[in-house]
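> The structure's right below; bear with me while I get my questions together.
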2 protein chains.
Amino acid sequence: MADVKIRVLQKILNANDQVAAGLRAELTAAKVFSVNLMGSPGSGKTAIIEETVRRLNKKIAVIEGDIQTSLDAQRLQKLGIKTYQINTGPFGGDCHLEAAWIRSAVAEMGVRGLDLLFIENIGNLVCPAEFDTGAHLNVLALSVTEGEDKPLKYPLAFRVAAVCLVSKIDLLPHLKIDVEKIRANILQVNPQCRIMEISALTGQGFEPWLEVLISGC
Amino acid sequence: MADVKIRVLQKILNANDQVAAGLRAELTAAKVFSVNLMGSPGSGKTAIIEETVRRLNKKIAVIEGDIQTSLDAQRLQKLGIKTYQINTGPFGGDCHLEAAWIRSAVAEMGVRGLDLLFIENIGNLVCPAEFDTGAHLNVLALSVTEGEDKPLKYPLAFRVAAVCLVSKIDLLPHLKIDVEKIRANILQVNPQCRIMEISALTGQGFEPWLEVLISGC
């Protein structure tokens with residue numbers, strides 16, 4: 001067995017939950033509403049944050065999760081907001097964010113005076129849903145280009161999301177996609193989910209989404 | 001510490017590589033060319049296989065990887081081909097496929113007389129790339145709707161792919177996407193990658209892709 005490399009990953013899930021709960025309490029005390037935005041690669045997460053920053057008159061910061069690059073953080077910095085990049089690449093390319101990493105980012109960047117903190121999770125419809133980040137609200141972005149069946153095929157991500165943003169609806173005229181089927185499939189796995197259809201390109205449907213954020217702030 | 005649940009995951013990566021190499025040799029001996037198709041949720045993997053089955057006069061079977069549901073296998077069965085569904089949901093919702101699972105599926109379904117075996121991996125641009133499935137060819141589907149930056153943000157998936165199918169190009173007139181940037185970004189992380197632009201909806205660009213499969217069979 002000497003030539004067999006054994007990698008042992010110890011995951012203390014309860015420990016993550018404890019850190020997450022502590023971080024959430026800390027953010028609540030600081031009056032910072034925090035939103036964990038999840039979704040597939042290319043589901044429109046960064047574009048949604050960009051359009052939200054443009055439309056919402058609040059002090060906003062973003063913690064960007066990526067395996068590699070700081071491309072998204074660079075996009076957001078152009079809007080003049082505070083951003084903090086977490087790259088998981090150096091730590092084995094982890095496909096999700098954990099509460100301890102968010103807590104470190106919050107401590108380093110500082111959240112004093114902020115109204116709203118976005119955590120843009122790693123583009124992945126599987127793993128991020130398994131880890132509480134310490135955010136107040138879990139939001140899932142699902143592009144209409146991804147197809148109607150995704151809630152049934154990746155149910156955990158939809159189950160942990162209080163809000164689902166069905167994004168890129170400006171493309172609907174060019175797709176064979178029935179948004180009502182997407183809605184029905186989301187509600188099948190999570191009857192409590194608030195579903196909002198939006199386009200970050202045109203701004204369509206942003207009002208109800210901004211209301212969610214305003215009522216949280 | 002009694003109330004702290006510790007989950008220990010032992011990953012013997014070399015063991016997976018050994019199983020994969022054995023399976024590949026077995027498939028070669030059986031004259032079955034095998035293709036591991038990876039990509040994000042909604043990148044068009046199943047649609048690409050459907051259109052390939054319609055156009056290619058070969059005996060084809062598909063092993064479908066999903067966390068939950070057999071929706072994709074049901075779609076493929078309508079084309080009259082043999083399909084085998086692997087659901088990782090009962091095993092903790094694993095976000096990738098491992099060679100041992102493919103070997104079991106191959107043993108159970110049988111591959112005698114087949115020309116081509118597709119392995120449709122779980123929709124995920126991160127984890128599947130870490131595991132050799134035992135296929136002869138790794139192929140990555142990237143929808144043009146996912147954006148130009150994905151090769152830079154998820155480099156491993158592009159590095160292990162010998163062929164990258166840039167899919168859904170019928171949508172290009174409706175997107176602010178530069179396919180040349182996608183190409184340049186893929187080649188930046190994998191200069192050897194063969195890039196093919198296709199639409200499973202219109203059949204555009206399928207000829208070079210079918211040539212790859214024919215030359216492998």
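Every chain in the structure tokens takes a letter, A first, then B, and so on in the order presented; its residues are numbered from 1, and the ligands are numbered from 1 following the presented order.
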Extract the full set of helix (DSSP H, G or I) residues from stretch 17-214 of chain B according to DSSP on the backbone, and format it as an mmCIF file with C-alpha atoms, in the first residue's frame.

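out-v4.cif written:
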```
data_model
loop_
_atom_site.group_PDB
_atom_site.id
_atom_site.type_symbol
_atom_site.label_atom_id
_atom_site.label_comp_id
_atom_site.auth_asym_id
_atom_site.auth_seq_id
_atom_site.Cartn_x
_atom_site.Cartn_y
_atom_site.Cartn_z
ATOM 1 C CA ASP B 17 -6.981 5.859 -12.027
ATOM 2 C CA GLN B 18 -6.192 2.145 -11.919
ATOM 3 C CA VAL B 19 -9.834 1.160 -12.383
ATOM 4 C CA ALA B 20 -10.140 3.709 -15.193
ATOM 5 C CA ALA B 21 -7.089 2.329 -17.017
ATOM 6 C CA GLY B 22 -8.413 -1.227 -16.709
ATOM 7 C CA LEU B 23 -11.840 -0.240 -17.977
ATOM 8 C CA ARG B 24 -10.338 1.654 -20.916
ATOM 9 C CA ALA B 25 -8.308 -1.416 -21.895
ATOM 10 C CA GLU B 26 -11.442 -3.553 -21.624
ATOM 11 C CA LEU B 27 -13.420 -1.195 -23.870
ATOM 12 C CA THR B 28 -10.566 -1.048 -26.371
ATOM 13 C CA ALA B 29 -10.475 -4.852 -26.501
ATOM 14 C CA LYS B 45 -25.004 17.580 -23.185
ATOM 15 C CA THR B 46 -28.126 15.472 -23.680
ATOM 16 C CA ALA B 47 -29.201 17.444 -26.758
ATOM 17 C CA ILE B 48 -25.734 16.919 -28.278
ATOM 18 C CA ILE B 49 -25.976 13.165 -27.700
ATOM 19 C CA GLU B 50 -29.508 13.099 -29.147
ATOM 20 C CA GLU B 51 -28.445 14.889 -32.340
ATOM 21 C CA THR B 52 -25.321 12.696 -32.584
ATOM 22 C CA VAL B 53 -27.428 9.534 -32.327
ATOM 23 C CA ARG B 54 -29.747 10.821 -35.066
ATOM 24 C CA ARG B 55 -26.877 11.608 -37.450
ATOM 25 C CA LEU B 71 -35.171 12.371 -17.221
ATOM 26 C CA ASP B 72 -32.183 12.386 -19.575
ATOM 27 C CA ALA B 73 -32.150 8.595 -19.912
ATOM 28 C CA GLN B 74 -35.857 8.721 -20.753
ATOM 29 C CA ARG B 75 -35.155 11.293 -23.491
ATOM 30 C CA LEU B 76 -32.460 9.069 -24.977
ATOM 31 C CA GLN B 77 -34.509 5.883 -24.782
ATOM 32 C CA GLY B 89 -28.352 10.920 -4.960
ATOM 33 C CA PRO B 90 -28.541 7.814 -2.744
ATOM 34 C CA PHE B 91 -24.770 8.061 -2.221
ATOM 35 C CA ALA B 99 -14.507 4.802 -12.908
ATOM 36 C CA ALA B 100 -15.764 1.992 -10.662
ATOM 37 C CA TRP B 101 -19.368 3.086 -11.190
ATOM 38 C CA ILE B 102 -18.867 3.143 -14.958
ATOM 39 C CA ARG B 103 -17.232 -0.290 -14.819
ATOM 40 C CA SER B 104 -20.261 -1.668 -12.939
ATOM 41 C CA ALA B 105 -22.639 -0.069 -15.428
ATOM 42 C CA VAL B 106 -20.678 -1.499 -18.374
ATOM 43 C CA ALA B 107 -20.725 -4.959 -16.799
ATOM 44 C CA GLU B 108 -24.453 -4.803 -16.116
ATOM 45 C CA MET B 109 -25.635 -3.297 -19.406
ATOM 46 C CA CYS B 127 -15.609 18.099 -9.883
ATOM 47 C CA PRO B 128 -16.083 15.695 -12.836
ATOM 48 C CA ALA B 129 -12.758 16.840 -14.327
ATOM 49 C CA GLU B 130 -10.950 15.453 -11.279
ATOM 50 C CA VAL B 144 -22.266 30.247 -25.577
ATOM 51 C CA THR B 145 -24.827 31.517 -23.052
ATOM 52 C CA GLU B 146 -22.365 30.749 -20.234
ATOM 53 C CA LYS B 150 -15.520 30.274 -18.187
ATOM 54 C CA PRO B 151 -12.286 28.611 -19.446
ATOM 55 C CA LEU B 152 -10.268 30.976 -17.256
ATOM 56 C CA LYS B 153 -12.498 30.504 -14.214
ATOM 57 C CA PRO B 155 -9.486 25.777 -16.065
ATOM 58 C CA LEU B 156 -9.202 22.121 -15.010
ATOM 59 C CA ALA B 157 -12.319 21.086 -16.922
ATOM 60 C CA PHE B 158 -10.898 22.665 -20.081
ATOM 61 C CA ARG B 159 -7.433 21.239 -19.487
ATOM 62 C CA ILE B 169 -24.398 28.800 -31.361
ATOM 63 C CA ASP B 170 -27.870 29.349 -32.870
ATOM 64 C CA LEU B 171 -28.355 31.813 -29.981
ATOM 65 C CA LEU B 172 -25.325 33.960 -30.891
ATOM 66 C CA PRO B 173 -27.347 36.629 -32.758
ATOM 67 C CA HIS B 174 -29.204 37.304 -29.497
ATOM 68 C CA VAL B 179 -16.924 33.335 -29.856
ATOM 69 C CA GLU B 180 -13.343 34.268 -30.737
ATOM 70 C CA LYS B 181 -12.814 35.284 -27.109
ATOM 71 C CA ILE B 182 -14.183 31.915 -25.980
ATOM 72 C CA ARG B 183 -11.755 30.191 -28.354
ATOM 73 C CA ALA B 184 -8.805 32.289 -27.169
ATOM 74 C CA ASN B 185 -9.620 31.609 -23.518
ATOM 75 C CA ILE B 186 -9.916 27.851 -24.098
ATOM 76 C CA LEU B 187 -6.580 27.805 -25.941
ATOM 77 C CA GLN B 188 -4.972 29.836 -23.163
ATOM 78 C CA VAL B 189 -5.611 27.049 -20.643
ATOM 79 C CA PHE B 206 -21.883 18.687 -36.432
ATOM 80 C CA GLU B 207 -19.745 17.296 -39.294
ATOM 81 C CA PRO B 208 -16.291 17.806 -37.672
ATOM 82 C CA TRP B 209 -17.659 16.421 -34.393
ATOM 83 C CA LEU B 210 -19.048 13.309 -36.094
ATOM 84 C CA GLU B 211 -15.648 12.882 -37.825
ATOM 85 C CA VAL B 212 -13.973 12.755 -34.416
ATOM 86 C CA LEU B 213 -16.333 9.994 -33.332
ATOM 87 C CA ILE B 214 -16.024 8.064 -36.611
#
```
> For a test of reading the model, state the distance in Å between atom CA of A:Thr88 and atom CA of A:Met38, rounded to one decimal.
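Pair atom CA of A:Thr88 / atom CA of A:Met38 returns 15.7 Å.
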> Distance atom CA of A:Glu120-atom CA of B:Asp66, one decimal place?
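Straight-line distance from atom CA of A:Glu120 to atom CA of B:Asp66 works out to 24.9 Å.
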> Considering only C-alpha atoms, can you say which of B:Ile122, B:Leu56, B:Ile63, B:Leu79 comes closest to B:Gly42?
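Checking each of B:Ile122, B:Leu56, B:Ile63, B:Leu79 against B:Gly42, counting only C-alpha atoms, the winner is B:Ile122.
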